[in-house]
>>> print(open('input09.cif').read())   # mmCIF, C-alpha atoms
data_structure
#
loop_
_atom_site.label_atom_id
_atom_site.label_comp_id
_atom_site.auth_asym_id
_atom_site.auth_seq_id
_atom_site.Cartn_x
_atom_site.Cartn_y
_atom_site.Cartn_z
CA MET A 1117 -7.59 33.71 -38.83
CA VAL A 1118 -10.49 36.15 -39.22
CA ILE A 1119 -10.54 39.57 -37.52
CA LEU A 1120 -13.34 42.14 -37.68
CA ILE A 1121 -11.99 45.67 -37.99
CA ALA A 1122 -14.20 48.57 -36.91
CA LEU A 1123 -17.29 46.48 -37.68
CA ILE A 1124 -16.76 47.25 -41.38
CA LEU A 1125 -13.61 45.61 -42.68
CA ILE A 1126 -12.60 41.97 -42.33
CA GLN A 1127 -9.01 40.79 -42.08
CA VAL A 1128 -8.51 37.24 -43.28
CA THR A 1129 -5.31 35.20 -43.01
CA GLY A 1130 -5.12 31.79 -44.63
CA ARG A 1131 -3.74 29.65 -47.42
CA VAL A 1132 -4.91 30.14 -51.00
CA THR A 1133 -6.37 26.96 -52.47
CA ASN A 1134 -8.17 26.91 -55.84
CA GLY A 1135 -8.68 30.67 -55.75
CA THR A 1136 -10.12 30.56 -52.24
CA ILE A 1137 -8.62 31.73 -48.93
CA MET A 1138 -9.07 29.00 -46.31
CA ALA A 1139 -9.16 30.48 -42.79
CA ASP A 1140 -10.56 28.96 -39.57
CA HIS A 1141 -12.49 26.32 -41.56
CA GLN A 1142 -14.12 29.10 -43.56
CA ARG A 1143 -13.72 29.95 -47.25
CA PHE A 1144 -13.28 33.48 -48.57
CA ARG A 1145 -13.15 34.77 -52.12
CA ILE A 1146 -12.36 38.23 -53.42
CA ALA A 1147 -14.97 39.56 -55.83
CA ASP A 1148 -12.81 41.99 -57.81
CA GLN A 1149 -9.40 40.30 -57.79
CA SER A 1150 -7.99 36.97 -58.91
CA LEU A 1151 -5.92 34.98 -56.44
CA ASP A 1152 -4.19 32.88 -59.12
CA ALA A 1153 -0.88 34.62 -58.48
CA TYR A 1154 -0.99 33.60 -54.79
CA GLU A 1155 -2.02 29.96 -55.26
CA GLY A 1156 -0.48 27.72 -52.59
CA GLY A 1157 0.85 30.60 -50.48
CA LYS A 1158 -0.41 32.19 -47.27
CA VAL A 1159 -2.03 35.62 -47.55
CA THR A 1160 -3.54 38.28 -45.33
CA ALA A 1161 -6.36 40.17 -47.02
CA ILE A 1162 -8.43 43.11 -45.76
CA GLY A 1163 -11.73 43.99 -47.42
CA ASN A 1164 -15.43 44.66 -47.04
CA HIS A 1165 -17.71 41.73 -46.27
CA LEU A 1166 -19.78 41.64 -49.47
CA GLY A 1167 -21.97 38.71 -48.52
CA GLU A 1168 -22.16 34.96 -48.13
CA VAL A 1169 -23.27 32.25 -50.53
CA ILE A 1170 -24.59 29.13 -48.81
CA ASN A 1171 -25.37 25.88 -50.59
CA SER A 1172 -25.50 22.19 -49.78
CA TYR A 1173 -21.70 21.99 -49.95
CA GLY A 1174 -21.01 24.75 -47.46
CA SER A 1175 -20.61 28.51 -47.54
CA ILE A 1176 -18.32 31.00 -49.26
CA LYS A 1177 -17.85 34.49 -47.88
CA TRP A 1178 -17.08 37.21 -50.43
CA LEU A 1179 -14.89 40.27 -49.92
CA SER A 1180 -14.96 43.41 -52.04
CA GLU A 1181 -12.34 46.12 -52.51
CA ALA A 1182 -9.90 43.80 -50.75
CA GLN A 1183 -6.16 44.32 -50.52
CA ILE A 1184 -3.48 41.69 -50.00
CA VAL A 1185 -1.40 43.21 -47.20
CA LYS A 1186 0.88 40.22 -46.60
CA PHE A 1187 1.93 37.22 -48.63
CA THR A 1188 4.10 34.30 -47.51
CA PRO A 1189 5.01 31.93 -50.36
CA ASP A 1190 5.74 28.26 -49.82
CA PHE A 1191 8.64 26.35 -51.37
CA TRP A 1192 6.73 25.34 -54.49
CA TYR A 1193 5.43 28.85 -55.07
CA SER A 1194 8.98 30.19 -54.79
CA LEU A 1195 10.25 27.59 -57.27
CA ARG A 1196 7.43 28.35 -59.69
CA SER A 1197 8.11 32.09 -59.36
CA LYS A 1198 11.80 31.58 -60.18
CA LEU A 1199 10.92 29.56 -63.28
CA ALA A 1200 8.37 32.18 -64.33
CA LYS A 1201 10.85 35.01 -63.83
CA TYR A 1202 13.44 33.16 -65.91
CA ILE A 1203 10.95 32.72 -68.77
CA GLN A 1204 9.86 36.35 -68.60
CA ASN A 1205 13.47 37.54 -68.72
CA TRP A 1206 13.59 36.12 -72.23
CA LEU A 1207 9.93 36.76 -73.13
CA PRO A 1208 8.63 39.89 -71.37
CA GLY A 1209 5.04 41.08 -71.06
CA ASP A 1210 1.97 39.08 -72.01
CA VAL A 1211 4.02 36.84 -74.30
CA GLY A 1212 6.06 35.61 -71.34
CA GLY A 1213 3.01 35.45 -69.09
CA LEU A 1214 1.26 33.26 -71.65
CA ALA A 1215 4.32 31.02 -71.97
CA VAL A 1216 4.33 30.52 -68.20
CA GLY A 1217 0.59 29.84 -68.16
CA ILE A 1218 0.77 27.23 -70.92
CA LEU A 1219 3.68 25.36 -69.34
CA LEU A 1220 2.95 25.71 -65.62
CA GLY A 1221 -0.70 26.81 -65.54
CA GLY A 1222 -2.24 30.00 -64.17
CA SER A 1223 -3.28 33.31 -65.70
CA GLY A 1224 -1.95 35.56 -62.94
CA LEU A 1225 0.87 36.94 -65.12
CA LEU A 1226 -1.43 38.00 -67.96
CA SER A 1227 -2.78 41.52 -68.22
CA ARG A 1228 -6.42 42.05 -67.28
CA ASP A 1229 -7.40 42.79 -70.89
CA LEU A 1230 -5.82 39.61 -72.22
CA ASN A 1231 -7.34 37.57 -69.38
CA ASN A 1232 -10.76 38.91 -70.31
CA ALA A 1233 -10.10 38.17 -73.99
CA PHE A 1234 -9.23 34.53 -73.22
CA ARG A 1235 -12.45 34.19 -71.20
CA THR A 1236 -14.51 35.80 -73.96
CA VAL A 1237 -13.30 33.37 -76.62
CA GLY A 1238 -13.50 30.34 -74.31
CA LEU A 1239 -9.77 29.60 -74.12
CA SER A 1240 -9.15 30.03 -70.38
CA HIS A 1241 -8.35 26.31 -70.17
CA ILE A 1242 -5.16 26.92 -72.14
CA VAL A 1243 -3.59 28.63 -69.13
CA ALA A 1244 -4.86 26.04 -66.64
CA ALA A 1245 -2.57 23.10 -65.90
CA SER A 1246 -4.38 19.87 -66.73
CA GLY A 1247 -3.97 16.36 -68.06
CA PHE A 1248 -2.73 17.77 -71.37
CA ASN A 1249 0.33 19.15 -69.56
CA LEU A 1250 0.93 15.85 -67.80
CA ILE A 1251 0.84 13.98 -71.10
CA PHE A 1252 3.92 15.92 -72.15
CA VAL A 1253 5.62 15.55 -68.78
CA ILE A 1254 5.18 11.77 -68.90
CA GLY A 1255 6.18 11.73 -72.57
CA TRP A 1256 9.46 13.55 -71.86
CA ILE A 1257 10.27 11.25 -68.95
CA ASN A 1258 9.51 8.13 -71.00
CA ALA A 1259 11.56 9.35 -73.95
CA LEU A 1260 14.62 9.86 -71.77
CA GLY A 1261 14.11 7.20 -69.12
CA THR A 1262 13.43 4.11 -71.22
CA ARG A 1263 16.68 4.59 -73.09
CA PHE A 1264 18.81 4.52 -69.93
CA PHE A 1265 16.81 2.84 -67.15
CA GLY A 1266 14.23 0.52 -68.67
CA LYS A 1267 10.44 0.69 -68.62
CA ARG A 1268 9.67 -0.26 -65.01
CA THR A 1269 12.20 2.14 -63.48
CA THR A 1270 11.00 4.87 -65.84
CA MET A 1271 7.46 4.35 -64.53
CA LEU A 1272 8.70 5.21 -61.04
CA PHE A 1273 10.34 8.36 -62.42
CA ALA A 1274 7.04 9.16 -64.15
CA LEU A 1275 5.19 8.86 -60.82
CA VAL A 1276 7.66 11.23 -59.16
CA GLY A 1277 7.51 13.61 -62.12
CA THR A 1278 3.71 13.68 -61.98
CA ILE A 1279 3.68 14.55 -58.28
CA LEU A 1280 6.37 17.21 -58.68
CA TYR A 1281 4.53 18.84 -61.56
CA MET A 1282 1.30 18.87 -59.53
CA PHE A 1283 3.02 20.87 -56.79
CA ILE A 1284 4.93 23.21 -59.12
CA SER A 1285 1.80 24.03 -61.12
CA GLY A 1286 -0.08 25.09 -57.99
CA MET A 1287 -2.31 22.09 -57.16
CA SER A 1288 -5.41 23.47 -58.86
CA SER A 1289 -8.50 21.26 -59.14
CA SER A 1290 -7.81 20.34 -62.75
CA ILE A 1291 -4.20 19.28 -62.17
CA ILE A 1292 -5.08 17.32 -59.00
CA ARG A 1293 -7.75 15.42 -60.95
CA ALA A 1294 -5.35 14.79 -63.84
CA GLY A 1295 -2.53 13.85 -61.48
CA ILE A 1296 -4.58 11.25 -59.61
CA MET A 1297 -5.76 9.71 -62.88
CA THR A 1298 -2.17 9.61 -64.16
CA ILE A 1299 -0.91 8.01 -60.95
CA ILE A 1300 -3.64 5.36 -61.17
CA SER A 1301 -2.75 4.63 -64.80
CA ILE A 1302 1.00 4.38 -64.19
CA THR A 1303 0.51 2.20 -61.10
CA ALA A 1304 -1.74 -0.17 -63.05
CA LEU A 1305 0.81 -0.45 -65.86
CA TYR A 1306 3.60 -1.09 -63.35
CA PHE A 1307 1.72 -4.17 -62.10
CA GLY A 1308 0.87 -5.31 -65.61
CA ARG A 1309 -2.70 -4.09 -65.69
CA LYS A 1310 -4.59 -1.49 -67.67
CA SER A 1311 -6.72 1.13 -65.95
CA ASP A 1312 -10.15 2.16 -67.19
CA PRO A 1313 -10.18 5.96 -67.70
CA PHE A 1314 -13.81 6.38 -66.62
CA TRP A 1315 -13.27 4.49 -63.38
CA SER A 1316 -10.04 6.40 -62.84
CA LEU A 1317 -11.99 9.65 -63.21
CA ILE A 1318 -14.61 8.50 -60.72
CA LEU A 1319 -11.95 7.38 -58.24
CA ALA A 1320 -10.10 10.69 -58.63
CA ALA A 1321 -13.32 12.60 -57.92
CA VAL A 1322 -14.08 10.46 -54.85
CA ILE A 1323 -10.58 10.97 -53.43
CA MET A 1324 -10.76 14.73 -53.98
CA ILE A 1325 -14.19 14.99 -52.34
CA ILE A 1326 -13.10 12.90 -49.35
CA VAL A 1327 -10.05 15.12 -48.81
CA ASP A 1328 -12.04 18.34 -49.33
CA PRO A 1329 -15.85 18.01 -49.45
CA PHE A 1330 -16.11 21.71 -50.36
CA ILE A 1331 -14.40 21.04 -53.68
CA ILE A 1332 -17.74 19.89 -55.13
CA SER A 1333 -18.77 23.54 -55.33
CA ASP A 1334 -15.47 24.62 -56.89
CA ILE A 1335 -15.96 25.85 -60.46
CA GLY A 1336 -12.61 24.50 -61.56
CA PHE A 1337 -13.44 21.04 -60.25
CA GLN A 1338 -16.82 20.97 -61.99
CA LEU A 1339 -15.44 22.19 -65.32
CA SER A 1340 -12.49 19.81 -65.15
CA MET A 1341 -14.76 16.82 -64.58
CA ALA A 1342 -17.13 17.81 -67.39
CA ALA A 1343 -14.30 18.53 -69.84
CA THR A 1344 -12.59 15.21 -69.04
CA ILE A 1345 -15.79 13.27 -69.69
CA GLY A 1346 -16.02 15.10 -73.02
CA VAL A 1347 -12.46 14.06 -73.88
CA LEU A 1348 -13.16 10.42 -72.95
CA LEU A 1349 -16.34 10.32 -75.03
CA SER A 1350 -14.77 11.85 -78.15
CA THR A 1351 -13.35 9.80 -81.02
CA SER A 1352 -11.69 12.51 -83.15
CA PRO A 1353 -10.03 15.92 -82.69
CA LEU A 1354 -13.13 17.73 -83.95
CA GLY A 1355 -15.34 15.51 -81.83
CA LEU A 1356 -13.19 16.33 -78.81
CA ILE A 1357 -13.72 20.07 -79.24
CA PHE A 1358 -17.45 19.54 -79.77
CA MET A 1359 -17.96 17.24 -76.77
CA VAL A 1360 -15.97 19.43 -74.40
CA GLN A 1361 -18.00 22.48 -75.44
CA VAL A 1362 -21.29 20.60 -75.09
CA LEU A 1363 -20.51 19.24 -71.62
CA THR A 1364 -19.03 22.42 -70.14
CA ALA A 1365 -21.64 24.82 -71.58
CA PRO A 1366 -24.31 24.35 -68.84
CA LEU A 1367 -21.78 24.86 -66.05
CA ILE A 1368 -20.49 28.04 -67.69
CA LEU A 1369 -24.05 29.28 -68.06
CA HIS A 1370 -24.83 28.38 -64.45
CA HIS A 1371 -21.85 30.19 -62.96
CA PHE A 1372 -21.35 33.07 -65.40
CA GLY A 1373 -24.52 33.44 -67.46
CA ASN A 1374 -22.64 33.92 -70.74
CA LEU A 1375 -21.36 31.64 -73.44
CA SER A 1376 -18.58 32.00 -75.99
CA ILE A 1377 -19.85 31.57 -79.54
CA VAL A 1378 -16.38 31.60 -81.09
CA ALA A 1379 -14.87 28.98 -78.73
CA PRO A 1380 -14.80 26.16 -81.35
CA ILE A 1381 -13.20 28.49 -83.90
CA ALA A 1382 -10.68 29.72 -81.33
CA ASN A 1383 -9.72 26.18 -80.34
CA LEU A 1384 -9.20 25.16 -83.96
CA ALA A 1385 -7.25 28.34 -84.74
CA VAL A 1386 -4.70 28.10 -81.92
CA GLY A 1387 -4.92 24.57 -80.57
CA TRP A 1388 -2.19 23.27 -82.88
CA THR A 1389 0.32 25.73 -81.39
CA ILE A 1390 0.03 24.48 -77.79
CA PRO A 1391 2.15 21.29 -78.07
CA LEU A 1392 4.88 23.23 -79.90
CA ILE A 1393 4.85 26.04 -77.34
CA MET A 1394 4.99 23.65 -74.39
CA GLN A 1395 7.99 21.79 -75.78
CA LEU A 1396 9.88 24.94 -76.77
CA VAL A 1397 9.26 26.64 -73.41
CA ALA A 1398 10.25 23.49 -71.50
CA LEU A 1399 13.49 23.22 -73.47
CA GLY A 1400 14.00 26.94 -72.95
CA LEU A 1401 14.23 26.37 -69.21
CA PHE A 1402 17.53 24.59 -69.91
CA ILE A 1403 18.68 26.50 -72.99
CA GLY A 1404 17.37 30.05 -72.71
CA PRO A 1405 17.67 31.19 -76.36
CA ILE A 1406 15.26 28.44 -77.45
CA LEU A 1407 12.50 30.52 -75.85
CA PHE A 1408 12.81 32.98 -78.72
CA PHE A 1409 11.51 30.29 -81.08
CA ALA A 1410 8.27 30.19 -79.06
CA TRP A 1411 7.71 33.94 -79.45
CA PRO A 1412 6.06 33.85 -82.94
CA LEU A 1413 3.62 31.14 -81.82
CA LEU A 1414 2.74 33.00 -78.61
CA ALA A 1415 2.32 36.29 -80.46
CA PHE A 1416 0.12 34.54 -83.04
CA MET A 1417 -2.10 33.11 -80.28
CA ILE A 1418 -2.45 36.51 -78.59
CA ALA A 1419 -3.32 38.20 -81.89
CA ILE A 1420 -6.00 35.61 -82.74
CA VAL A 1421 -7.51 35.76 -79.24
CA ASN A 1422 -7.65 39.57 -79.24
CA TRP A 1423 -9.17 39.65 -82.73
CA LEU A 1424 -11.86 37.07 -81.94
CA ALA A 1425 -12.68 38.73 -78.60
CA LYS A 1426 -13.48 42.00 -80.39
CA LEU A 1427 -16.09 40.42 -82.66
CA PRO A 1428 -19.60 41.62 -81.67
CA PHE A 1429 -20.92 38.05 -81.48
CA ALA A 1430 -17.91 36.57 -79.68
CA SER A 1431 -19.84 35.99 -76.47
CA ILE A 1432 -23.52 36.22 -75.60
CA THR A 1433 -25.13 36.81 -72.22
CA VAL A 1434 -28.22 34.68 -71.67
CA GLY A 1435 -28.55 34.74 -67.88
CA THR A 1436 -27.62 32.11 -65.35
CA MET A 1437 -28.98 28.57 -65.69
CA GLY A 1438 -30.41 27.00 -62.54
CA TRP A 1439 -29.19 23.62 -61.30
CA GLY A 1440 -32.50 22.04 -62.28
CA TRP A 1441 -32.01 22.99 -65.92
CA VAL A 1442 -28.36 21.88 -65.74
CA ILE A 1443 -29.49 18.40 -64.66
CA VAL A 1444 -32.17 18.29 -67.41
CA TYR A 1445 -29.52 19.34 -69.93
CA TYR A 1446 -27.13 16.54 -68.93
CA ILE A 1447 -29.89 13.93 -68.93
CA THR A 1448 -30.88 15.04 -72.44
CA VAL A 1449 -27.27 14.88 -73.65
CA ALA A 1450 -26.90 11.39 -72.15
CA ILE A 1451 -30.07 10.16 -73.89
CA VAL A 1452 -29.04 11.64 -77.26
CA TYR A 1453 -25.48 10.29 -76.97
CA ASN A 1454 -26.75 6.80 -76.07
CA HIS A 1455 -29.24 6.89 -78.96
CA VAL A 1456 -26.55 7.91 -81.46
CA ASN A 1457 -24.21 5.20 -80.17
CA ASP A 1458 -26.95 2.56 -80.46
CA TYR A 1459 -27.62 3.67 -84.03
CA ASP A 1460 -23.90 3.49 -84.92
CA ARG A 1461 -23.63 0.00 -83.39
CA ARG A 1462 -26.63 -1.20 -85.40
CA GLN A 1463 -25.12 0.21 -88.56
CA ASP A 1464 -21.83 -1.58 -87.87
CA SER A 1465 -23.48 -4.87 -86.92
CA PRO A 1466 -23.06 -7.58 -89.62
CA ILE A 1467 -26.53 -8.88 -88.82
CA ASP A 1468 -28.28 -5.55 -89.37
CA SER A 1469 -26.07 -4.43 -92.26
CA PRO A 1470 -27.92 -4.58 -95.63
CA SER A 1471 -24.68 -5.59 -97.39
CA ARG A 1472 -24.83 -8.98 -95.62
CA TRP A 1473 -27.96 -9.90 -97.54
CA SER A 1474 -27.16 -8.28 -100.87
#
>>> encode(input="input09.cif", output="structure tokens")
Amino acid sequence: MVILIALILIQVTGRVTNGTIMADHQRFRIADQSLDAYEGGKVTAIGNHLGEVINSYGSIKWLSEAQIVKFTPDFWYSLRSKLAKYIQNWLPGDVGGLAVGILLGGSGLLSRDLNNAFRTVGLSHIVAASGFNLIFVIGWINALGTRFFGKRTTMLFALVGTILYMFISGMSSSIIRAGIMTIISITALYFGRKSDPFWSLILAAVIMIIVDPFIISDIGFQLSMAATIGVLLSTSPLGLIFMVQVLTAPLILHHFGNLSIVAPIANLAVGWTIPLIMQLVALGLFIGPILFFAWPLLAFMIAIVNWLAKLPFASITVGTMGWGWVIVYYITVAIVYNHVNDYDRRQDSPIDSPSRWS
């Protein structure tokens, strides 16, 4: 519902989906406030109509100086909030907020300064639920289920666990994409087949676009797709970091106009802590004192992020990149990647290898 107040303010009532308020088939975003903390719930916001951005995917209306005057959470939001509150009772402040973000996704519980620091060093993906989280969810279910129920029954539990985690984590673009790919993979294994990750990614994108055509213009959707392609193309941990940075860089430049220079360093410095933190925080949901063991790792991550963010060269502003240049960039990357792969294949070929004739 959209109401014009005194020809100046706009009152919007709708459900928050991927950081956007959906009301009367219109999309609204707030320019100076994140809606991560309200994801999945129904809000009423009042603010100034800042303007409207129209593209081939639709339009987004922007509000400035907006206030959330009413919020109605749904069941999953309430459950997530209870889990977050439990974690923060043991780990208060940004440490607890980071623990919640790593396990369940979302940066709404982090302070503004720490949020900005994570963006500056290119680590915002750490507090966004994605396929990495689902890997651990499926791993935990398999570890417990196969021992008591067998593989096929455990696959059904894994399907249910995937869907439940998607709802608890807020149904962001990245977790929906990862969830659909996981469901496709588990279903294929259940029937004795093996899914192709690239085709699973394409199918996930098609399903998401059919359900919500506007999602094409969602930043989270675009970054998730690019990052996943980078993961699928990589062959080593260092290669993974490199490919993800290469494929997400043009989108970051297009939407934000700045690029983190220290992102590879930041990923290498704190990436090893994420699996440990996720497992400790997950166990801490059942045995509270275990959460204390995650505190040193969380504090270490925060210290590294804050230190890197303060470096004068941490992030550079180069201006926004137009869609034309983004397309040229991706075409160039595709040509270079294909050329390098062809060269590697020729080097590995027994016919072309000099050692065959020596």
>>> residues_around(input="input09.cif", residues="Pro1208 (chain A)", least_positions_apart="2", cutoff="12 Å", atoms="only C-alpha atoms", output="ChimeraX atom specification")
/A:1200-1206,1210-1216,1225-1227,1407-1408,1411,1414-1415
>>> closest_atom_pairs(input="input09.cif", of="region 1363-1452 of chain A", to="region 1320-1335 of chain A", cutoff="9 Å", atoms="only C-alpha atoms", output="JSON lines")
{"residue": "A:Leu1367", "atom": "CA", "partner": "A:Ile1335", "partner_atom": "CA", "distance": 8.1}
{"residue": "A:Ile1368", "atom": "CA", "partner": "A:Ile1335", "partner_atom": "CA", "distance": 8.8}
{"residue": "A:His1371", "atom": "CA", "partner": "A:Ile1335", "partner_atom": "CA", "distance": 7.7}
>>> closest_residue(input="input09.cif", among="A:Leu1363, A:Leu1219, A:Ile1300, A:Leu1207", to="Pro1412 (chain A)", atoms="all atoms listed in the file")
A:Leu1207
>>> resolve_selection(input="input09.cif", expression="the PyMOL selection byres ((chain A and resi 1280) around 12)", output="VMD selection string")
chain A and resid 1191 to 1192 1195 to 1196 1220 1250 1253 to 1254 1273 to 1279 1281 to 1287 1291 to 1292 1295 1299
>>> write_last_selection(input="input09.cif", atoms="C-alpha atoms", output="PDB file, in the coordinates of the input")
ATOM      1  CA  PHE A1191       8.640  26.350 -51.370  1.00  0.00           C
ATOM      2  CA  TRP A1192       6.730  25.340 -54.490  1.00  0.00           C
ATOM      3  CA  LEU A1195      10.250  27.590 -57.270  1.00  0.00           C
ATOM      4  CA  ARG A1196       7.430  28.350 -59.690  1.00  0.00           C
ATOM      5  CA  LEU A1220       2.950  25.710 -65.620  1.00  0.00           C
ATOM      6  CA  LEU A1250       0.930  15.850 -67.800  1.00  0.00           C
ATOM      7  CA  VAL A1253       5.620  15.550 -68.780  1.00  0.00           C
ATOM      8  CA  ILE A1254       5.180  11.770 -68.900  1.00  0.00           C
ATOM      9  CA  PHE A1273      10.340   8.360 -62.420  1.00  0.00           C
ATOM     10  CA  ALA A1274       7.040   9.160 -64.150  1.00  0.00           C
ATOM     11  CA  LEU A1275       5.190   8.860 -60.820  1.00  0.00           C
ATOM     12  CA  VAL A1276       7.660  11.230 -59.160  1.00  0.00           C
ATOM     13  CA  GLY A1277       7.510  13.610 -62.120  1.00  0.00           C
ATOM     14  CA  THR A1278       3.710  13.680 -61.980  1.00  0.00           C
ATOM     15  CA  ILE A1279       3.680  14.550 -58.280  1.00  0.00           C
ATOM     16  CA  TYR A1281       4.530  18.840 -61.560  1.00  0.00           C
ATOM     17  CA  MET A1282       1.300  18.870 -59.530  1.00  0.00           C
ATOM     18  CA  PHE A1283       3.020  20.870 -56.790  1.00  0.00           C
ATOM     19  CA  ILE A1284       4.930  23.210 -59.120  1.00  0.00           C
ATOM     20  CA  SER A1285       1.800  24.030 -61.120  1.00  0.00           C
ATOM     21  CA  GLY A1286      -0.080  25.090 -57.990  1.00  0.00           C
ATOM     22  CA  MET A1287      -2.310  22.090 -57.160  1.00  0.00           C
ATOM     23  CA  ILE A1291      -4.200  19.280 -62.170  1.00  0.00           C
ATOM     24  CA  ILE A1292      -5.080  17.320 -59.000  1.00  0.00           C
ATOM     25  CA  GLY A1295      -2.530  13.850 -61.480  1.00  0.00           C
ATOM     26  CA  ILE A1299      -0.910   8.010 -60.950  1.00  0.00           C
TER      27      ILE A1299
END
>>> closest_residue(input="input09.cif", among="A:Thr1433, A:Ser1194, A:Ser1290, A:Gln1395", to="Ala1153 (chain A)", atoms="only C-alpha atoms")
A:Ser1194
>>> closest_residue(input="input09.cif", among="A:Leu1401, A:Val1378, A:Ile1406, A:Ile1447", to="Lys1198 (chain A)", atoms="all atoms listed in the file")
A:Leu1401
>>> atom_distance(input="input09.cif", atom1="CA of Leu1348 (chain A)", atom2="CA of Ile1381 (chain A)")
21.1 Å
>>> resolve_selection(input="input09.cif", expression="the PyMOL selection byres ((chain A and resi 1436) around 7)", output="list in words")
Leu1369, His1370, His1371, Phe1372, Gly1373, Val1434, Gly1435, Met1437 and Gly1438 of chain A
>>> atom_distance(input="input09.cif", atom1="CA of Arg1268 (chain A)", atom2="CA of Ile1318 (chain A)")
26.2 Å
>>> residues_around(input="input09.cif", residues="Lys1310 (chain A)", least_positions_apart="3", cutoff="8 Å", atoms="all atoms listed in the file", output="list in words")
Ser1301, Ala1304 and Leu1305 of chain A
>>> decode(input="input09.cif", residues="region 1231-1242 of chain A", atoms="N, CA and C atoms", output="PDB file, in the first residue's frame")
ATOM      1  N   ASN A1231      30.162  -2.458   9.469  1.00  0.00           N
ATOM      2  CA  ASN A1231      29.565  -2.738   8.162  1.00  0.00           C
ATOM      3  C   ASN A1231      30.354  -2.063   7.052  1.00  0.00           C
ATOM      4  N   ASN A1232      30.675  -0.791   7.259  1.00  0.00           N
ATOM      5  CA  ASN A1232      31.445  -0.043   6.269  1.00  0.00           C
ATOM      6  C   ASN A1232      32.835  -0.645   6.087  1.00  0.00           C
ATOM      7  N   ALA A1233      33.437  -1.101   7.186  1.00  0.00           N
ATOM      8  CA  ALA A1233      34.763  -1.708   7.107  1.00  0.00           C
ATOM      9  C   ALA A1233      34.731  -2.990   6.279  1.00  0.00           C
ATOM     10  N   PHE A1234      33.710  -3.817   6.475  1.00  0.00           N
ATOM     11  CA  PHE A1234      33.585  -5.050   5.692  1.00  0.00           C
ATOM     12  C   PHE A1234      33.407  -4.731   4.210  1.00  0.00           C
ATOM     13  N   ARG A1235      32.642  -3.691   3.906  1.00  0.00           N
ATOM     14  CA  ARG A1235      32.466  -3.300   2.495  1.00  0.00           C
ATOM     15  C   ARG A1235      33.773  -2.781   1.917  1.00  0.00           C
ATOM     16  N   THR A1236      34.508  -2.014   2.696  1.00  0.00           N
ATOM     17  CA  THR A1236      35.765  -1.425   2.217  1.00  0.00           C
ATOM     18  C   THR A1236      36.780  -2.487   1.849  1.00  0.00           C
ATOM     19  N   VAL A1237      36.855  -3.548   2.646  1.00  0.00           N
ATOM     20  CA  VAL A1237      37.862  -4.590   2.392  1.00  0.00           C
ATOM     21  C   VAL A1237      37.310  -5.725   1.535  1.00  0.00           C
ATOM     22  N   GLY A1238      36.081  -5.590   1.053  1.00  0.00           N
ATOM     23  CA  GLY A1238      35.520  -6.579   0.143  1.00  0.00           C
ATOM     24  C   GLY A1238      35.140  -7.890   0.785  1.00  0.00           C
ATOM     25  N   LEU A1239      34.683  -7.851   2.039  1.00  0.00           N
ATOM     26  CA  LEU A1239      34.303  -9.072   2.745  1.00  0.00           C
ATOM     27  C   LEU A1239      32.826  -9.109   3.119  1.00  0.00           C
ATOM     28  N   SER A1240      32.001  -8.326   2.456  1.00  0.00           N
ATOM     29  CA  SER A1240      30.570  -8.319   2.774  1.00  0.00           C
ATOM     30  C   SER A1240      29.933  -9.678   2.548  1.00  0.00           C
ATOM     31  N   HIS A1241      30.510 -10.484   1.654  1.00  0.00           N
ATOM     32  CA  HIS A1241      29.933 -11.797   1.360  1.00  0.00           C
ATOM     33  C   HIS A1241      30.007 -12.736   2.560  1.00  0.00           C
ATOM     34  N   ILE A1242      30.886 -12.442   3.509  1.00  0.00           N
ATOM     35  CA  ILE A1242      31.024 -13.308   4.677  1.00  0.00           C
ATOM     36  C   ILE A1242      29.740 -13.316   5.500  1.00  0.00           C
TER      37      ILE A1242
END
